[in-house]
Amino acid sequence: MAPPALRARTSEVTRDTHDTLEAALEVFNGPDSTTAPAGGRQQLRDLAEKHKQAVAKAVLLVSGSGGGRASGASPASPASPAVTSEELRGVLASVQQSAIALCGCCHGFTAGSGPSLKQSLKQLCGAVMAPTRELVDKLESADAEGLRRAFGLVWGACDELTRGPLDNKASLFRQLADVMQGIKGAAKELDELCDVSRQELGLAPAAEAAAVPGSGSCNGGGGGAAAAQGPGGGGAEEAAEGRGAAAAGRLGERAGEEAEASKDEDGEEEEEKEEEEEEDDSDDFRDMGSLSATELATAEAAAALLAAAQSALRLISRPLLEGPALSAGPALEQWESLIWHSARLRSSCEALVACLYPPHDELDELAGESEAVATSLELMLGELPESHFGVIGGEEEEEEEEGGAGGGAPPPAPSPQVQQLQQQVAAVQREVEAAAGRMAEELLRRGRPAGGA
């Protein structure tokens with residue numbers, strides 16, 4: 001606990017700094033920038049490094065390590081009573097300036113940005129400002145553990161910021177990758193449920209069932225349960241200049257070593273935990289009950305729908321990743337809409353899997369979620385950005401008819417790459433239609449009229 005005199009000196013200064021840090025993020029609530037930072041990502045890295053060093057100096061000053069303390073001393077030892085209000089005001093002014101500069105640089109990347117990139121930049125900056133405010137609050141009480149924790153969070157958030165997406169394409173692809181990972185996890189969960197249920201029913205495992213002609217698995221081939229029922233089924237870091245630079249560097253190294261050690265320990269614990277969870281997975285599914293043969297057939301049909309969703313996302317992601325940069329305009333708006341639909345798709349897929357746990361008492365809810373998945377896929381495949389996929393399906397035929405009726409020249413033929421993409425789109429559309437139809441048939445067979453997709 002800091003002496004009363006120090007608390008009195010720091011209270012007003014820390015309060016002002018806290019308010020300034022809160023206000024720094026307001027720049028993202030205003031208009032977008034007109035020009036991007038000239039230094040690009042390297043400029044952002046340099047400013048993030050300056051902020052880390054400014055925060056380190058503040059910690060060192062209050063902890064007593066900033067003036068003549070031995071290099072082996074703890075960076076979060078009790079506060080030194082020799083700290084003056086002028087010294088504290090000076091280091092906190094540096095924290096304010098570095099934070100404002102960092103937010104201003106990030107806001108510069110909103111030039112020509114879409115909603116996704118702007119929101120991402122604001123969140124990444126907010127992740128830096130939040131622990132910085134926490135650290136400033138801890139300076140008043142000289143909370144040793146609190147200062148150490150807050151400094152580590154600032155350090156990590158700055159590193160995360162410098163690795164974050166700085167353009168529309170990278171931001172959209174990151175969101176799409178998150179969606180793909182989420183649906184992959186939902187499909188894996190459903191496969192595990194199906195595997196346990198097959199064991200309980202005495203059916204062949206998924207791999208063996210898939211190898212038998214006419215049979216299938218929860219991975220989309222489908223048919224194992226139906227057969228049982230019969231027909232019908234960064235950058236280098238620079239040392240801070242001025243007083244306390246060497247100590248700040250030592251603090252950063254120490255924080256990095258501690259963070260790495262903690263990460264290793266956490267990683268080992270996480271691996272052990274995952275192994276234990278994998279061993280207990282079968283027991284967990286059995287505790288929740290296994291699927292009946294009828295329910296398993298429905299789960300297999302749903303798995304085919306999730307497989308079609310993954311095919312659609314793989315189809316969409318590659319042109320985005322390999323295509324040109326995206327700036328403000330119709331193409332960016334189309335991609336933003338597509339990513340929005342993909343987030344809805346993920347929610348529907350996860351909800352569908354949740355509905356498939358036994359018993360299947362709510363067939364209306366199950367049908368609703370499966371229809372939501374099919375509808376999202378239909379919308380996504382029908383709204384693919386023309387800048388990357390060309391004109392799909394009936395729209396192209398309409399344009400050719402209009403060109404012929406008007407006597408004008410027919411539209412130019414798409415490039416071989418676009419033609420190949422359009423063929424892949426048609427194949428995925430057929431896969432989606434087949435999976436949606438199969439799911440509708442399963443629900444209809446179980447006595448619930450289902451609207452096809």
# chains A, B, ... in the order shown; residues from 1 in each chain; ligands from 1

call {"tool": "residues_around", "arguments": {"residues": "range 181-185 of chain A", "least_positions_apart": "6", "cutoff": "12 Å", "atoms": "only C-alpha atoms", "output": "ChimeraX atom specification"}}
result
/A:174-175,191-192,219,303,305-314,342-353,373

call {"tool": "write_last_selection", "arguments": {"atoms": "C-alpha atoms", "output": "CSV table (one decimal), in the first residue's frame"}}
result
chain,number,residue,atom,x,y,z
A,174,ARG,CA,-10.3,-13.3,-40.4
A,175,GLN,CA,-14.0,-13.2,-39.7
A,191,ASP,CA,-19.7,-36.7,-35.6
A,192,GLU,CA,-18.7,-37.7,-32.1
A,219,ASN,CA,-19.5,-36.8,-42.3
A,303,ALA,CA,-24.2,-33.7,-40.9
A,305,LEU,CA,-26.0,-30.2,-44.4
A,306,LEU,CA,-23.0,-29.1,-42.3
A,307,ALA,CA,-20.6,-30.6,-44.8
A,308,ALA,CA,-22.3,-28.6,-47.5
A,309,ALA,CA,-21.9,-25.5,-45.4
A,310,GLN,CA,-18.2,-26.1,-45.1
A,311,SER,CA,-17.9,-26.7,-48.8
A,312,ALA,CA,-19.6,-23.3,-49.4
A,313,LEU,CA,-17.2,-21.5,-47.0
A,314,ARG,CA,-14.1,-23.1,-48.6
A,342,SER,CA,-21.8,-16.3,-42.8
A,343,ALA,CA,-22.1,-15.3,-39.1
A,344,ARG,CA,-25.8,-16.1,-39.2
A,345,LEU,CA,-24.9,-19.4,-40.8
A,346,ARG,CA,-22.5,-20.3,-38.0
A,347,SER,CA,-25.2,-19.5,-35.3
A,348,SER,CA,-27.7,-21.7,-37.2
A,349,CYS,CA,-25.3,-24.6,-37.6
A,350,GLU,CA,-24.4,-24.5,-33.9
A,351,ALA,CA,-28.1,-24.3,-32.9
A,352,LEU,CA,-28.9,-27.2,-35.3
A,353,VAL,CA,-26.3,-29.5,-33.6
A,373,VAL,CA,-28.9,-23.2,-42.4

call {"tool": "residues_around", "arguments": {"residues": "His388 in chain A", "least_positions_apart": "4", "cutoff": "9 Å", "atoms": "only C-alpha atoms", "output": "PDB file with all heavy atoms, in the first residue's frame"}}
result
ATOM      1  N   PRO A 319     -11.179 -17.164 -53.110  1.00  0.00           N
ATOM      2  CA  PRO A 319     -11.125 -15.944 -53.925  1.00  0.00           C
ATOM      3  C   PRO A 319     -10.916 -14.680 -53.093  1.00  0.00           C
ATOM      4  O   PRO A 319     -10.264 -13.740 -53.556  1.00  0.00           O
ATOM      5  CB  PRO A 319     -12.498 -15.930 -54.622  1.00  0.00           C
ATOM      6  CG  PRO A 319     -12.947 -17.348 -54.624  1.00  0.00           C
ATOM      7  CD  PRO A 319     -12.434 -17.918 -53.346  1.00  0.00           C
ATOM      8  N   LEU A 320     -11.466 -14.654 -51.875  1.00  0.00           N
ATOM      9  CA  LEU A 320     -11.252 -13.492 -51.018  1.00  0.00           C
ATOM     10  C   LEU A 320      -9.787 -13.370 -50.646  1.00  0.00           C
ATOM     11  O   LEU A 320      -9.198 -12.284 -50.705  1.00  0.00           O
ATOM     12  CB  LEU A 320     -12.117 -13.612 -49.763  1.00  0.00           C
ATOM     13  CG  LEU A 320     -11.894 -12.539 -48.687  1.00  0.00           C
ATOM     14  CD1 LEU A 320     -12.216 -11.153 -49.231  1.00  0.00           C
ATOM     15  CD2 LEU A 320     -12.740 -12.838 -47.447  1.00  0.00           C
ATOM     16  N   GLY A 323      -7.699 -12.732 -53.951  1.00  0.00           N
ATOM     17  CA  GLY A 323      -8.132 -11.629 -54.801  1.00  0.00           C
ATOM     18  C   GLY A 323      -7.448 -10.311 -54.460  1.00  0.00           C
ATOM     19  O   GLY A 323      -6.632 -10.225 -53.540  1.00  0.00           O
ATOM     20  N   ALA A 331     -18.147  -3.717 -54.434  1.00  0.00           N
ATOM     21  CA  ALA A 331     -17.530  -5.014 -54.137  1.00  0.00           C
ATOM     22  C   ALA A 331     -17.377  -5.201 -52.630  1.00  0.00           C
ATOM     23  O   ALA A 331     -17.672  -6.273 -52.095  1.00  0.00           O
ATOM     24  CB  ALA A 331     -16.173  -5.124 -54.833  1.00  0.00           C
ATOM     25  N   LEU A 384     -22.990 -13.884 -54.286  1.00  0.00           N
ATOM     26  CA  LEU A 384     -21.532 -13.864 -54.383  1.00  0.00           C
ATOM     27  C   LEU A 384     -21.071 -12.610 -55.123  1.00  0.00           C
ATOM     28  O   LEU A 384     -21.669 -12.228 -56.128  1.00  0.00           O
ATOM     29  CB  LEU A 384     -21.042 -15.115 -55.111  1.00  0.00           C
ATOM     30  CG  LEU A 384     -21.314 -16.442 -54.387  1.00  0.00           C
ATOM     31  CD1 LEU A 384     -20.930 -17.614 -55.279  1.00  0.00           C
ATOM     32  CD2 LEU A 384     -20.545 -16.500 -53.070  1.00  0.00           C
ATOM     33  N   VAL A 418     -12.664 -17.367 -63.603  1.00  0.00           N
ATOM     34  CA  VAL A 418     -14.032 -17.099 -63.161  1.00  0.00           C
ATOM     35  C   VAL A 418     -14.955 -18.225 -63.599  1.00  0.00           C
ATOM     36  O   VAL A 418     -15.847 -18.645 -62.845  1.00  0.00           O
ATOM     37  CB  VAL A 418     -14.515 -15.743 -63.705  1.00  0.00           C
ATOM     38  CG1 VAL A 418     -16.012 -15.557 -63.436  1.00  0.00           C
ATOM     39  CG2 VAL A 418     -13.722 -14.605 -63.073  1.00  0.00           C
ATOM     40  N   LEU A 421     -14.564 -20.984 -61.192  1.00  0.00           N
ATOM     41  CA  LEU A 421     -15.263 -20.669 -59.948  1.00  0.00           C
ATOM     42  C   LEU A 421     -16.768 -20.881 -60.092  1.00  0.00           C
ATOM     43  O   LEU A 421     -17.426 -21.411 -59.191  1.00  0.00           O
ATOM     44  CB  LEU A 421     -14.975 -19.224 -59.533  1.00  0.00           C
ATOM     45  CG  LEU A 421     -13.698 -18.960 -58.739  1.00  0.00           C
ATOM     46  CD1 LEU A 421     -13.538 -17.465 -58.498  1.00  0.00           C
ATOM     47  CD2 LEU A 421     -13.715 -19.702 -57.415  1.00  0.00           C
TER      48      LEU A 421
END

call {"tool": "closest_residue", "arguments": {"among": "A:Leu315, A:Leu201, A:Ala299, A:Leu366", "to": "Ala426 in chain A", "atoms": "only C-alpha atoms"}}
result
A:Leu315

call {"tool": "atom_distance", "arguments": {"atom1": "CA of Gly104 in chain A", "atom2": "CA of Ala328 in chain A"}}
result
20.5 Å

call {"tool": "residues_around", "arguments": {"residues": "Ala130 in chain A", "least_positions_apart": "2", "cutoff": "10 Å", "atoms": "only C-alpha atoms", "output": "VMD selection string"}}
result
chain A and resid 18 21 to 22 125 to 128 132 to 135 150 153 to 154 157

call {"tool": "write_last_selection", "arguments": {"atoms": "C-alpha atoms", "output": "PDB file, in the first residue's frame"}}
result
ATOM      1  CA  HIS A  18      -7.811   7.707 -16.850  1.00  0.00           C
ATOM      2  CA  LEU A  21      -7.493   7.254 -22.080  1.00  0.00           C
ATOM      3  CA  GLU A  22     -11.248   6.709 -22.139  1.00  0.00           C
ATOM      4  CA  CYS A 125      -7.367  -0.392 -29.583  1.00  0.00           C
ATOM      5  CA  GLY A 126      -9.895  -0.861 -26.805  1.00  0.00           C
ATOM      6  CA  ALA A 127      -8.047  -4.016 -25.749  1.00  0.00           C
ATOM      7  CA  VAL A 128      -4.941  -1.848 -25.231  1.00  0.00           C
ATOM      8  CA  THR A 132      -3.748   0.775 -19.548  1.00  0.00           C
ATOM      9  CA  ARG A 133      -6.570   2.423 -17.580  1.00  0.00           C
ATOM     10  CA  GLU A 134      -6.432  -0.425 -15.080  1.00  0.00           C
ATOM     11  CA  LEU A 135      -2.698   0.096 -14.662  1.00  0.00           C
ATOM     12  CA  ALA A 150      -1.964  -4.883 -15.907  1.00  0.00           C
ATOM     13  CA  LEU A 153      -1.989  -7.273 -20.370  1.00  0.00           C
ATOM     14  CA  VAL A 154      -0.885  -3.989 -21.983  1.00  0.00           C
ATOM     15  CA  ALA A 157      -2.580  -6.299 -26.233  1.00  0.00           C
TER      16      ALA A 157
END

call {"tool": "residues_around", "arguments": {"residues": "Leu44 in chain A", "least_positions_apart": "6", "cutoff": "7 Å", "atoms": "only C-alpha atoms", "output": "list in words"}}
result
Leu102, Cys105 and Thr162 of chain A

call {"tool": "write_last_selection", "arguments": {"atoms": "N, CA and C atoms", "output": "short mmCIF file (atom, residue, chain, number, x, y, z; two decimals), in the first residue's frame"}}
result
data_model
loop_
_atom_site.label_atom_id
_atom_site.label_comp_id
_atom_site.auth_asym_id
_atom_site.auth_seq_id
_atom_site.Cartn_x
_atom_site.Cartn_y
_atom_site.Cartn_z
N LEU A 102 -1.20 6.15 -30.61
CA LEU A 102 -1.49 4.79 -31.06
C LEU A 102 -2.92 4.71 -31.62
N CYS A 105 -3.10 6.55 -34.98
CA CYS A 105 -2.52 5.76 -36.08
C CYS A 105 -3.49 4.68 -36.52
N THR A 162 -0.58 -5.05 -33.18
CA THR A 162 0.34 -4.94 -34.33
C THR A 162 0.21 -6.11 -35.28
#

call {"tool": "closest_residue", "arguments": {"among": "A:Ala38, A:Leu193, A:Ala48, A:Val59", "to": "Glu145 in chain A", "atoms": "only C-alpha atoms"}}
result
A:Val59

call {"tool": "atom_distance", "arguments": {"atom1": "CA of Gln43 in chain A", "atom2": "CA of Lys122 in chain A"}}
result
17.4 Å

call {"tool": "atom_distance", "arguments": {"atom1": "CA of Asp16 in chain A", "atom2": "CA of Thr110 in chain A"}}
result
27.9 Å
